[in-house]
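Engineer: Below is coords-v4.txt; it holds compact mmCIF, C-alpha atoms and all ligand atoms.
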# COMPACT_ATOMS: atom_id res chain seq x y z
CA MET A 1 112.11 93.43 142.32
CA PRO A 2 111.15 95.98 139.69
CA GLN A 3 113.84 98.53 138.95
CA ILE A 4 113.15 102.22 139.40
CA ALA A 5 113.29 104.40 136.28
CA LYS A 6 115.79 107.24 136.49
CA PHE A 7 114.27 109.63 133.94
CA PRO A 8 113.64 113.17 135.16
CA GLY A 9 110.19 113.52 136.66
CA ASN A 10 109.52 109.80 136.62
CA ASP A 11 111.68 108.39 139.38
CA HIS A 12 108.65 107.39 141.43
CA ARG A 13 107.36 104.95 138.79
CA PRO A 14 108.32 101.30 138.50
CA SER A 15 109.97 100.50 135.20
CA CYS A 16 109.37 97.81 132.68
CA GLY A 17 111.01 97.45 129.36
CA ILE A 18 112.63 95.41 126.65
CA ALA A 19 113.91 92.04 127.81
CA SER A 20 114.74 90.59 124.39
CA ILE A 21 115.04 91.69 120.76
CA GLY A 22 114.87 89.68 117.54
CA LEU A 23 115.25 90.99 113.99
CA GLN A 24 114.39 89.49 110.63
CA LEU A 25 115.30 90.74 107.16
CA PRO A 26 114.04 89.11 103.95
CA PRO A 27 116.38 87.03 101.74
CA LEU A 28 116.85 89.44 98.79
CA ALA A 29 118.34 92.92 98.31
CA LEU A 30 118.85 95.40 95.47
CA ALA A 31 121.39 98.23 95.41
CA VAL A 32 119.63 101.56 94.72
CA GLU A 33 122.18 102.41 92.00
CA GLU A 34 120.73 99.53 89.94
CA LEU A 35 117.26 101.02 90.25
CA ALA A 36 118.57 104.48 89.32
CA ASN A 37 119.96 103.09 86.07
CA LEU A 38 116.63 101.44 85.27
CA ARG A 39 114.64 104.62 85.95
CA GLY A 40 117.09 106.93 84.14
CA GLU A 41 118.08 108.79 87.31
CA ASP A 42 121.52 109.83 88.49
CA PRO A 43 122.46 107.21 91.14
CA ALA A 44 123.72 110.10 93.32
CA LYS A 45 120.10 111.30 93.63
CA TYR A 46 119.27 108.09 95.49
CA THR A 47 122.53 107.67 97.43
CA ILE A 48 123.37 111.30 98.25
CA GLY A 49 120.07 113.09 97.61
CA LEU A 50 117.99 110.59 99.63
CA GLY A 51 120.73 108.81 101.61
CA CYS A 52 119.59 105.34 100.50
CA ARG A 53 121.89 102.34 99.93
CA GLU A 54 120.04 99.03 99.51
CA MET A 55 116.45 97.88 99.60
CA ALA A 56 115.51 94.56 101.22
CA LEU A 57 113.06 92.60 99.08
CA CYS A 58 110.91 89.50 99.46
CA PRO A 59 110.76 86.64 96.94
CA PRO A 60 107.24 85.64 95.78
CA ASP A 61 106.75 82.94 98.41
CA TYR A 62 107.84 85.11 101.34
CA GLY A 63 106.02 87.94 103.09
CA VAL A 64 105.12 89.85 106.21
CA VAL A 65 104.08 86.74 108.16
CA ASP A 66 107.52 85.21 107.56
CA LEU A 67 109.21 88.41 108.68
CA ALA A 68 107.07 88.81 111.79
CA THR A 69 107.33 85.15 112.79
CA GLY A 70 111.09 85.03 112.16
CA ALA A 71 111.73 88.06 114.34
CA ALA A 72 109.39 86.77 117.07
CA ARG A 73 110.99 83.32 117.13
CA ARG A 74 114.42 84.88 117.58
CA ALA A 75 113.21 87.23 120.34
CA LEU A 76 111.47 84.38 122.20
CA GLU A 77 114.50 82.07 121.98
CA ARG A 78 116.82 84.81 123.22
CA TRP A 79 114.42 85.70 126.04
CA GLY A 80 114.43 82.11 127.28
CA GLY A 81 111.23 82.55 129.31
CA ASP A 82 108.25 80.18 129.43
CA PRO A 83 106.13 80.90 126.31
CA ASP A 84 103.04 80.35 128.49
CA ARG A 85 104.00 83.53 130.32
CA ILE A 86 103.28 85.59 127.17
CA GLY A 87 99.95 87.29 127.90
CA LEU A 88 99.83 89.78 125.02
CA ILE A 89 100.80 89.64 121.35
CA ALA A 90 100.54 92.94 119.49
CA VAL A 91 101.69 93.33 115.89
CA GLY A 92 102.10 96.79 114.40
CA THR A 93 101.95 96.70 110.61
CA GLU A 94 100.64 98.46 107.54
CA THR A 95 101.04 95.29 105.47
CA ALA A 96 97.79 93.75 106.74
CA ILE A 97 96.86 90.60 104.84
CA ASP A 98 93.25 90.55 106.00
CA MET A 99 90.72 93.23 106.92
CA SER A 100 89.49 91.25 109.94
CA ARG A 101 91.91 88.57 111.07
CA PRO A 102 94.89 90.18 112.82
CA LEU A 103 98.43 89.44 111.71
CA SER A 104 99.06 88.35 115.30
CA ALA A 105 96.85 85.29 114.66
CA TRP A 106 99.13 84.10 111.83
CA VAL A 107 102.19 84.60 114.02
CA ALA A 108 100.58 82.89 117.04
CA ASP A 109 99.55 79.99 114.80
CA ARG A 110 103.09 79.43 113.57
CA LEU A 111 104.59 79.82 117.04
CA GLU A 112 101.85 77.76 118.72
CA LEU A 113 100.98 80.54 121.15
CA SER A 114 97.44 80.36 122.46
CA GLY A 115 95.50 80.46 125.71
CA ALA A 116 95.28 83.37 128.16
CA VAL A 117 96.66 85.79 125.59
CA ARG A 118 95.34 89.12 124.28
CA SER A 119 96.30 89.01 120.60
CA TYR A 120 95.73 91.82 118.10
CA GLU A 121 97.04 93.99 115.26
CA VAL A 122 97.71 97.72 115.51
CA LYS A 123 97.40 100.10 112.59
CA HIS A 124 98.64 103.64 112.36
CA ALA A 125 100.95 103.67 109.33
CA CYS A 126 104.61 103.54 110.48
CA TYR A 127 103.59 104.42 114.07
CA GLY A 128 101.77 101.09 114.64
CA GLY A 129 104.76 99.23 116.11
CA THR A 130 105.41 101.99 118.62
CA LEU A 131 101.76 102.01 119.67
CA ALA A 132 101.95 98.24 120.18
CA LEU A 133 105.04 98.69 122.35
CA ARG A 134 103.46 101.54 124.34
CA GLN A 135 100.31 99.51 124.94
CA ALA A 136 102.35 96.55 126.13
CA ALA A 137 104.42 98.71 128.48
CA GLU A 138 101.33 100.49 129.85
CA TRP A 139 99.57 97.10 130.28
CA ARG A 140 102.45 96.06 132.53
CA LEU A 141 102.74 99.39 134.34
CA ALA A 142 98.99 99.46 135.02
CA GLY A 143 99.17 96.07 136.71
CA ALA A 144 96.83 94.59 134.08
CA ALA A 145 99.24 91.88 132.92
CA GLY A 146 98.48 89.43 135.73
CA SER A 147 100.79 86.54 136.49
CA HIS A 148 101.62 83.01 135.48
CA HIS A 149 103.01 80.70 138.19
CA GLY A 150 103.80 83.77 140.29
CA GLN A 151 105.68 85.66 137.55
CA GLU A 152 104.25 88.76 135.88
CA ARG A 153 103.10 88.08 132.32
CA ALA A 154 105.20 89.41 129.45
CA ALA A 155 104.22 90.78 126.04
CA LEU A 156 105.43 89.93 122.55
CA VAL A 157 105.48 93.08 120.42
CA ILE A 158 106.27 92.93 116.71
CA ALA A 159 106.73 95.63 114.10
CA ALA A 160 106.79 94.12 110.60
CA ASP A 161 106.31 95.48 107.11
CA VAL A 162 107.01 95.11 103.43
CA ALA A 163 107.23 98.58 101.87
CA LEU A 164 106.64 98.64 98.13
CA TYR A 165 105.64 101.52 95.88
CA GLU A 166 104.20 101.44 92.41
CA PRO A 167 107.08 100.84 89.98
CA GLY A 168 108.23 104.27 88.79
CA ASP A 169 106.90 106.09 91.87
CA PRO A 170 109.41 108.64 93.24
CA GLY A 171 109.32 106.68 96.52
CA GLU A 172 110.53 103.46 94.80
CA PRO A 173 114.21 103.87 95.87
CA THR A 174 113.09 104.10 99.50
CA GLN A 175 111.44 100.64 99.46
CA GLY A 176 112.41 97.99 101.96
CA ALA A 177 111.23 95.33 104.38
CA GLY A 178 112.00 93.96 107.81
CA ALA A 179 110.70 93.08 111.26
CA VAL A 180 111.70 93.68 114.85
CA ALA A 181 110.20 91.71 117.74
CA MET A 182 110.58 92.68 121.38
CA ILE A 183 109.63 90.97 124.61
CA ILE A 184 108.27 93.48 127.12
CA ASP A 185 109.20 92.20 130.54
CA GLU A 186 112.03 93.04 132.94
CA PRO A 187 114.14 95.87 131.44
CA ARG A 188 117.26 93.77 130.84
CA ILE A 189 118.00 95.50 127.53
CA ALA A 190 116.23 98.82 128.10
CA SER A 191 113.66 100.39 130.39
CA ILE A 192 110.94 102.51 128.82
CA GLN A 193 110.17 105.89 130.36
CA PRO A 194 106.47 105.82 131.31
CA LEU A 195 105.99 109.43 130.22
CA SER A 196 106.20 110.01 126.47
CA PHE A 197 105.59 113.00 124.20
CA PRO A 198 102.94 112.50 121.49
CA TRP A 199 101.72 114.80 118.71
CA SER A 200 99.04 114.11 116.12
CA GLU A 201 97.13 115.96 113.39
CA PRO A 202 94.66 114.53 110.88
CA GLN A 203 96.29 114.78 107.43
CA PHE A 204 96.39 112.92 104.12
CA ASP A 205 100.15 112.79 103.61
CA PHE A 206 100.51 109.05 102.90
CA TRP A 207 97.62 106.61 102.80
CA ARG A 208 96.42 103.41 101.14
CA PRO A 209 92.69 103.19 100.48
CA VAL A 210 91.05 99.77 100.88
CA GLY A 211 91.74 97.71 97.76
CA GLU A 212 94.73 99.80 96.63
CA ARG A 213 97.91 97.75 96.32
CA PHE A 214 100.30 100.67 96.80
CA PRO A 215 100.24 103.80 98.96
CA LEU A 216 99.32 107.25 97.72
CA VAL A 217 101.91 109.77 98.88
CA ASP A 218 102.04 113.52 99.03
CA GLY A 219 105.82 113.64 99.49
CA PRO A 220 106.24 117.34 100.33
CA LEU A 221 103.28 117.27 102.75
CA SER A 222 104.59 114.15 104.49
CA LEU A 223 107.97 115.85 104.93
CA ASP A 224 106.30 118.95 106.40
CA CYS A 225 104.17 116.87 108.78
CA TYR A 226 107.17 114.81 109.87
CA LYS A 227 109.26 117.92 110.55
CA ARG A 228 106.43 119.57 112.47
CA ALA A 229 105.81 116.45 114.55
CA ALA A 230 109.50 116.09 115.42
CA SER A 231 109.72 119.76 116.42
CA HIS A 232 106.64 119.54 118.69
CA CYS A 233 107.74 116.29 120.34
CA PHE A 234 111.32 117.43 121.06
CA GLN A 235 110.06 120.80 122.32
CA ALA A 236 107.72 118.98 124.71
CA LEU A 237 110.61 116.85 125.95
CA ALA A 238 112.79 119.94 126.43
CA GLN A 239 110.01 121.72 128.32
CA HIS A 240 109.34 118.75 130.57
CA SER A 241 112.84 117.47 131.27
CA GLY A 242 115.11 120.35 130.30
CA GLU A 243 117.26 120.70 127.22
CA ALA A 244 120.12 118.95 128.97
CA THR A 245 118.16 115.70 128.57
CA ILE A 246 118.46 116.05 124.80
CA GLU A 247 122.11 117.11 124.96
CA ASN A 248 122.94 114.12 127.16
CA LEU A 249 121.32 111.50 124.93
CA ALA A 250 123.68 108.75 123.83
CA ALA A 251 121.71 108.55 120.57
CA ALA A 252 118.53 109.90 118.98
CA CYS A 253 116.72 107.35 116.80
CA PHE A 254 114.08 108.30 114.26
CA HIS A 255 111.59 106.61 112.00
CA VAL A 256 113.60 106.39 108.77
CA PRO A 257 111.49 106.70 105.58
CA PHE A 258 114.88 107.57 104.03
CA PRO A 259 117.88 109.14 105.81
CA LYS A 260 117.63 112.60 104.16
CA MET A 261 114.10 113.01 105.56
CA VAL A 262 115.48 112.39 109.06
CA LYS A 263 118.24 114.92 108.52
CA LYS A 264 115.70 117.55 107.46
CA ALA A 265 113.58 116.85 110.53
CA VAL A 266 116.62 117.17 112.81
CA PHE A 267 117.38 120.61 111.34
CA ALA A 268 113.71 121.58 111.83
CA LEU A 269 113.70 120.51 115.49
CA GLY A 270 117.08 122.20 116.02
CA ALA A 271 115.59 125.47 114.73
CA ALA A 272 112.53 124.98 116.96
CA LEU A 273 114.82 124.54 119.96
CA GLY A 274 116.80 127.65 119.01
CA TRP A 275 119.99 125.73 118.19
CA SER A 276 122.55 127.14 115.78
CA GLU A 277 123.01 125.29 112.47
CA GLU A 278 126.49 124.20 113.64
CA HIS A 279 125.06 122.76 116.85
CA THR A 280 122.33 120.90 114.97
CA ALA A 281 124.83 119.56 112.44
CA LEU A 282 126.97 118.23 115.30
CA PHE A 283 123.91 116.65 116.98
CA PHE A 284 122.98 114.97 113.70
CA THR A 285 126.49 113.69 113.05
CA ASP A 286 127.10 112.45 116.61
CA LYS A 287 123.70 111.25 117.78
CA VAL A 288 121.47 110.54 114.77
CA ASP A 289 123.42 109.57 111.66
CA PRO A 290 125.23 106.61 113.33
CA THR A 291 121.85 105.01 114.17
CA MET A 292 120.79 104.67 110.52
CA SER A 293 123.30 102.31 108.93
CA TRP A 294 121.14 99.20 109.52
CA ASN A 295 118.24 101.12 107.95
CA GLN A 296 120.39 101.88 104.93
CA ALA A 297 120.97 98.16 104.48
CA CYS A 298 117.27 97.34 104.35
CA GLY A 299 115.41 100.49 103.25
CA ASN A 300 112.14 101.68 104.73
CA ALA A 301 110.48 98.93 106.74
CA TYR A 302 107.59 101.20 107.84
CA THR A 303 106.63 100.17 111.42
CA ALA A 304 109.96 98.39 111.89
CA SER A 305 112.17 101.27 110.70
CA LEU A 306 112.39 103.12 114.00
CA TRP A 307 112.91 99.87 115.90
CA ILE A 308 115.71 98.80 113.56
CA ALA A 309 117.45 102.10 114.41
CA VAL A 310 116.75 101.55 118.12
CA ALA A 311 118.09 97.98 117.92
CA GLN A 312 121.27 99.30 116.35
CA ALA A 313 121.66 102.11 118.90
CA LEU A 314 121.11 99.82 121.89
CA ALA A 315 123.53 97.14 120.67
CA GLY A 316 126.71 97.82 122.64
CA LEU A 317 125.32 100.68 124.74
CA PRO A 318 126.56 100.77 128.37
CA ALA A 319 123.88 100.36 131.06
CA GLY A 320 122.42 103.66 132.24
CA GLU A 321 122.83 105.52 128.93
CA THR A 322 119.62 107.05 127.56
CA ILE A 323 118.43 107.15 123.95
CA ALA A 324 115.44 108.86 122.33
CA ALA A 325 113.10 107.13 119.88
CA PHE A 326 110.96 109.34 117.62
CA SER A 327 108.09 107.52 115.97
CA TYR A 328 106.06 108.95 113.08
CA GLY A 329 103.11 107.47 111.22
CA SER A 330 101.35 109.23 108.40
CA GLY A 331 97.82 110.31 108.93
CA PHE A 332 99.49 111.56 111.23
CA GLY A 333 100.56 110.49 114.69
CA ALA A 334 103.95 110.81 116.34
CA GLU A 335 105.48 110.05 119.72
CA LEU A 336 108.85 110.59 121.34
CA LEU A 337 110.03 107.95 123.82
CA LEU A 338 113.05 107.70 126.08
CA LEU A 339 114.75 104.37 126.72
CA GLU A 340 117.50 103.68 129.23
CA ALA A 341 119.98 100.88 128.46
CA GLY A 342 119.86 97.90 130.80
CA VAL A 343 122.61 95.45 131.68
CA GLU A 344 122.18 93.28 128.55
CA ALA A 345 122.37 96.12 126.02
CA ALA A 346 126.17 96.13 126.00
CA ALA A 347 126.33 92.53 124.74
CA GLY A 348 123.92 93.37 121.88
CA ALA A 349 123.04 89.72 121.22
CA TRP A 350 120.48 90.61 118.51
CA ARG A 351 123.21 92.11 116.32
CA GLN A 352 123.81 88.56 115.10
CA ASP A 353 120.31 88.46 113.52
CA PHE A 354 121.14 91.46 111.39
CA GLU A 355 124.63 90.22 110.47
CA GLN A 356 123.41 86.69 109.71
CA ASP A 357 120.57 87.90 107.45
CA LEU A 358 122.87 90.32 105.66
CA ALA A 359 125.48 87.62 105.07
CA SER A 360 122.98 85.08 103.75
CA ARG A 361 120.86 87.31 101.58
CA GLU A 362 121.16 87.45 97.81
CA SER A 363 121.99 90.70 96.01
CA ILE A 364 119.76 90.55 92.95
CA SER A 365 120.18 91.99 89.48
CA ILE A 366 117.85 94.61 88.06
CA GLU A 367 116.44 91.95 85.71
CA ARG A 368 115.43 89.83 88.72
CA TYR A 369 113.87 92.93 90.30
CA GLN A 370 111.83 93.51 87.16
CA GLN A 371 110.70 89.86 87.28
CA LEU A 372 109.64 90.28 90.91
CA ARG A 373 107.59 93.36 89.99
CA ALA A 374 106.29 91.88 86.72
CA GLY A 375 102.71 91.69 87.99
CA ASP A 376 102.73 95.30 89.19
CA PRO A 377 101.56 97.99 86.77
CA VAL A 378 104.13 100.72 86.07
CA ARG A 379 103.02 104.13 87.36
CA GLN A 380 100.63 105.88 85.01
CA ARG A 381 99.23 108.62 87.22
CA PRO A 382 101.36 111.57 88.34
CA PRO A 383 102.49 111.65 91.99
CA VAL A 384 99.84 113.04 94.34
CA SER A 385 102.08 116.00 95.15
CA ALA A 386 102.21 116.99 91.47
CA THR A 387 98.42 117.13 91.24
CA GLY A 388 98.08 119.24 94.37
N1 LIG A 401 122.86 114.21 93.05
C1 LIG A 401 122.65 114.46 94.37
N2 LIG A 401 121.44 114.81 94.88
C2 LIG A 401 120.41 114.91 94.02
C3 LIG A 401 120.57 114.67 92.64
C4 LIG A 401 121.86 114.31 92.17
N3 LIG A 401 122.07 114.06 90.87
N4 LIG A 401 119.36 114.85 92.05
C5 LIG A 401 118.49 115.19 93.03
N5 LIG A 401 119.12 115.22 94.21
C6 LIG A 401 118.55 115.52 95.53
C7 LIG A 401 117.59 116.68 95.53
O1 LIG A 401 118.25 117.92 95.58
C8 LIG A 401 116.78 116.35 96.77
O2 LIG A 401 117.52 116.71 97.92
P1 LIG A 401 117.04 117.96 98.82
O3 LIG A 401 115.63 117.67 99.18
O4 LIG A 401 117.96 117.93 99.98
O5 LIG A 401 117.19 119.16 97.95
C9 LIG A 401 116.72 114.83 96.78
O6 LIG A 401 117.76 114.38 95.90
C10 LIG A 401 115.40 114.27 96.26
O7 LIG A 401 115.11 114.86 95.06
P2 LIG A 401 113.63 115.25 94.67
O8 LIG A 401 113.64 115.89 93.34
O9 LIG A 401 113.00 115.99 95.80
O10 LIG A 401 112.99 113.80 94.58
P3 LIG A 401 111.58 113.36 94.11
O11 LIG A 401 110.70 114.47 93.71
O12 LIG A 401 111.84 112.26 93.14
O13 LIG A 401 110.94 112.79 95.48
C11 LIG A 401 110.95 111.47 97.49
C12 LIG A 401 111.45 111.60 96.05
C13 LIG A 401 111.38 110.11 98.01
C14 LIG A 401 111.61 112.56 98.33
C15 LIG A 401 109.42 111.64 97.56
O14 LIG A 401 108.78 110.77 96.72
C16 LIG A 401 108.87 111.35 98.91
O15 LIG A 401 108.94 112.21 99.76
N6 LIG A 401 108.37 110.11 99.11
C17 LIG A 401 107.84 109.51 100.25
C18 LIG A 401 107.91 110.18 101.54
C19 LIG A 401 107.62 109.15 102.54
O16 LIG A 401 108.21 108.11 102.53
N7 LIG A 401 106.68 109.41 103.41
C20 LIG A 401 106.32 108.36 104.30
C21 LIG A 401 105.78 108.86 105.52
S1 LIG A 401 106.97 109.40 106.62
Rewrite the coordinates I just gave you, this time as structure tokens.
Structural biologist:
Amino acid sequence: MPQIAKFPGNDHRPSCGIASIGLQLPPLALAVEELANLRGEDPAKYTIGLGCREMALCPPDYGVVDLATGAARRALERWGGDPDRIGLIAVGTETAIDMSRPLSAWVADRLELSGAVRSYEVKHACYGGTLALRQAAEWRLAGAAGSHHGQERAALVIAADVALYEPGDPGEPTQGAGAVAMIIDEPRIASIQPLSFPWSEPQFDFWRPVGERFPLVDGPLSLDCYKRAASHCFQALAQHSGEATIENLAAACFHVPFPKMVKKAVFALGAALGWSEEHTALFFTDKVDPTMSWNQACGNAYTASLWIAVAQALAGLPAGETIAAFSYGSGFGAELLLLEAGVEAAAGAWRQDFEQDLASRESISIERYQQLRAGDPVRQRPPVSATG
């Protein structure tokens, strides 16, 4: 029997949600202090000024397909369902390896998933993974999933990215990589509130024209857009469900380009909600900051960043507790979701993926980093923001 969602204003809707989570980090990492020394910056700028710690990196023979497939394999194994029951594979990424063939086809190939499956890639900068998850949830809620041997079909949703900037770009210390895969089925780990709170505006804050290897970034504009989006989305939630919904959250997860950007957005949304600075600071310390330590161990993983924070927040959460998930993708599109912990959140089985990958990965020297980036031209042009 489907469970009934308990979110305010939605208690008449059947719920569906996350039945399994798998994470994958790449096998290399670099401490940001090492990069600071190379670039002639004070390491405190990266650690305190930006809130970064380590960046996860891929060796030459490893990439987004490995990340996506690794996370998916772990999520499928943990789920334990019949793979033939998967009726949708959606991969959110901005590390596309082909302009036509979707990343989902590479993943499906490796996992031998084929048949009555809708398989595709979703692009909207860092928002793509959230859109994939929303589409999967709405596909189930709409009754479009159909069934396999009498059981409703499930979806495999993956958010996977490798985030690299041009060597010397101010965004270089925020680099990272990672993937999160989720099976959308019965809400054993978390149910997803059907109603969400989107906000979008067409902007050029961060983009990568066809053929460009690295993104072009207007840092100050992207910060402004991100703050504005967070303020609008949280105001919409407060108007719909009451401010108590925000106060009662067990955690508020954000897309994490770097932790300081999240902190600035939280202060912007606090001001928009009329909170005092003290109240906002407490909200940040209690509900937001604790969700970002996995992000600090891997850096920005674009589409996966929010879902890494969500995976951390859900691991160990008692059933019935609610968390918020704020997704932002440059261009820009944003959406605020609410998730309610299910009975399997408390066990947090997917925590072992993160711990295992962290324990087995190699911390590389700055010389090895330079070798990895040897083919990449060092930044010649000024940052977009400096040229207006
Ligand atoms: N000790 C402590 N903090 C220091 C410091 C030091 N020695 N030197 C600088 N800082 C602080 C600055 O005060 C600033 O903090 P503040 O904003 O709270 O004042 C922070 O470090 C960054 O310094 P700044 O000079 O703004 O950095 P920058 O011009 O090199 O820009 C980024 C770096 C990462 C902020 C910028 O490139 C950017 O925004 N990039 C990408 C944004 C993004 O990822 N967008 C994706 C879409 S969401």
Engineer: Go through the chains and note each residue within 6 Å of ligand LIG 401 (chain A), using only C-alpha atoms and all ligand atoms, then give the set as a PDB file with C-alpha atoms, in the frame of the given file.
Structural biologist:
ATOM      1  CA  ASP A  42     121.520 109.830  88.490  1.00  0.00           C
ATOM      2  CA  ALA A  44     123.720 110.100  93.320  1.00  0.00           C
ATOM      3  CA  LYS A  45     120.100 111.300  93.630  1.00  0.00           C
ATOM      4  CA  ILE A  48     123.370 111.300  98.250  1.00  0.00           C
ATOM      5  CA  GLY A  49     120.070 113.090  97.610  1.00  0.00           C
ATOM      6  CA  LEU A  50     117.990 110.590  99.630  1.00  0.00           C
ATOM      7  CA  PRO A 170     109.410 108.640  93.240  1.00  0.00           C
ATOM      8  CA  GLY A 171     109.320 106.680  96.520  1.00  0.00           C
ATOM      9  CA  PHE A 206     100.510 109.050 102.900  1.00  0.00           C
ATOM     10  CA  GLY A 219     105.820 113.640  99.490  1.00  0.00           C
ATOM     11  CA  PRO A 220     106.240 117.340 100.330  1.00  0.00           C
ATOM     12  CA  SER A 222     104.590 114.150 104.490  1.00  0.00           C
ATOM     13  CA  PRO A 257     111.490 106.700 105.580  1.00  0.00           C
ATOM     14  CA  SER A 330     101.350 109.230 108.400  1.00  0.00           C
TER      15      SER A 330
END
Engineer: What's the separation between CA of Gly320 (chain A) and CA of Arg188 (chain A), in Å to one decimal place?
Structural biologist: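 Separation of CA of Gly320 (chain A) and CA of Arg188 (chain A): 11.2 Å.
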Engineer: For each of A:Ala230, A:Cys58, A:Ala71, A:Ala325, take the minimum atom-to-atom distance to Gln193 (chain A), counting only C-alpha atoms, then give the residue where this is smallest.
Structural biologist: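 Nearest candidate to Gln193 (chain A) out of A:Ala230, A:Cys58, A:Ala71, A:Ala325: A:Ala325.
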Engineer: How close does region 28-91 of chain A get to region 128-138 of chain A? List, as a Markdown table, each residue of region 28-91 of chain A within 10 Å, its nearest atom pair and the distance in Å to one decimal, counting all atoms listed in the file.
Structural biologist:
| residue | atom | partner | partner_atom | distance |
| --- | --- | --- | --- | --- |
| A:Gly87 | CA | A:Ala136 | CA | 9.7 |
| A:Leu88 | CA | A:Ala136 | CA | 7.3 |
| A:Ile89 | CA | A:Ala136 | CA | 8.5 |
| A:Ala90 | CA | A:Ala132 | CA | 5.5 |
| A:Val91 | CA | A:Ala132 | CA | 6.5 |
Engineer: (108.9, 91.9, 90.3) in this file's frame - what residues fall within 12 Å of it? Use all atoms listed in the file and give the answer as a PyMOL selection string.
Structural biologist: chain A and resi 28+30+57-60+164-167+364-378
Engineer: Starting from the point (123.0, 97.0, 114.9), work out which residues of protein, DNA or RNA have an atom no more than 7 Å away when counting all atoms listed in the file; state them as a PyMOL selection string.
Structural biologist: chain A and resi 294+311-313+315+351+354
Engineer: Based on the selection just made, write C-alpha atoms of those residues as a tab-separated table (two decimals), in the coordinates of the input.
Structural biologist:
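For reference, again13.tsv as written:
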chain	number	residue	atom	x	y	z
A	294	TRP	CA	121.14	99.20	109.52
A	311	ALA	CA	118.09	97.98	117.92
A	312	GLN	CA	121.27	99.30	116.35
A	313	ALA	CA	121.66	102.11	118.90
A	315	ALA	CA	123.53	97.14	120.67
A	351	ARG	CA	123.21	92.11	116.32
A	354	PHE	CA	121.14	91.46	111.39
Engineer: Measure the distance from CA of Thr285 (chain A) to CA of Lys263 (chain A) in Å and round it to one decimal.
Structural biologist: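 Straight-line distance from CA of Thr285 (chain A) to CA of Lys263 (chain A) works out to 9.5 Å.
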Engineer: Residues at most 9 Å from Leu339 (chain A), counting only C-alpha atoms, excluding those fewer than 4 positions away in the same chain, as a PyMOL selection string?
Structural biologist: chain A and resi 7+17+190-193+321-325
Engineer: Keeping N, CA, C and O atoms, write region 48-58 of chain A of the structure just shown out as a tab-separated table (two decimals), in the first residue's frame.
Structural biologist:
chain	number	residue	atom	x	y	z
A	48	ILE	N	39.15	29.10	4.64
A	48	ILE	CA	38.23	29.95	5.43
A	48	ILE	C	37.39	30.82	4.51
A	48	ILE	O	36.16	30.90	4.64
A	49	GLY	N	38.05	31.47	3.53
A	49	GLY	CA	37.33	32.38	2.64
A	49	GLY	C	36.26	31.68	1.81
A	49	GLY	O	35.17	32.22	1.60
A	50	LEU	N	36.57	30.47	1.31
A	50	LEU	CA	35.61	29.73	0.49
A	50	LEU	C	34.99	28.55	1.23
A	50	LEU	O	33.95	28.03	0.82
A	51	GLY	N	35.65	28.08	2.29
A	51	GLY	CA	35.13	26.93	3.05
A	51	GLY	C	35.46	25.59	2.43
A	51	GLY	O	34.85	24.58	2.75
A	52	CYS	N	36.46	25.56	1.52
A	52	CYS	CA	36.81	24.31	0.84
A	52	CYS	C	37.85	23.52	1.63
A	52	CYS	O	38.60	24.09	2.42
A	53	ARG	N	37.91	22.19	1.39
A	53	ARG	CA	38.88	21.35	2.10
A	53	ARG	C	39.69	20.50	1.13
A	53	ARG	O	40.90	20.61	1.06
A	54	GLU	N	38.99	19.64	0.38
A	54	GLU	CA	39.68	18.76	-0.58
A	54	GLU	C	38.89	18.71	-1.86
A	54	GLU	O	37.66	18.86	-1.86
A	55	MET	N	39.59	18.46	-2.96
A	55	MET	CA	38.88	18.28	-4.23
A	55	MET	C	39.09	16.85	-4.72
A	55	MET	O	40.22	16.36	-4.77
A	56	ALA	N	38.01	16.17	-5.06
A	56	ALA	CA	38.10	14.82	-5.61
A	56	ALA	C	38.46	14.94	-7.08
A	56	ALA	O	37.95	15.80	-7.79
A	57	LEU	N	39.38	14.09	-7.52
A	57	LEU	CA	39.89	14.17	-8.90
A	57	LEU	C	39.90	12.80	-9.56
A	57	LEU	O	40.04	11.77	-8.87
A	58	CYS	N	39.82	12.80	-10.86
A	58	CYS	CA	39.82	11.55	-11.63
A	58	CYS	C	41.18	11.34	-12.28
A	58	CYS	O	41.74	12.29	-12.85
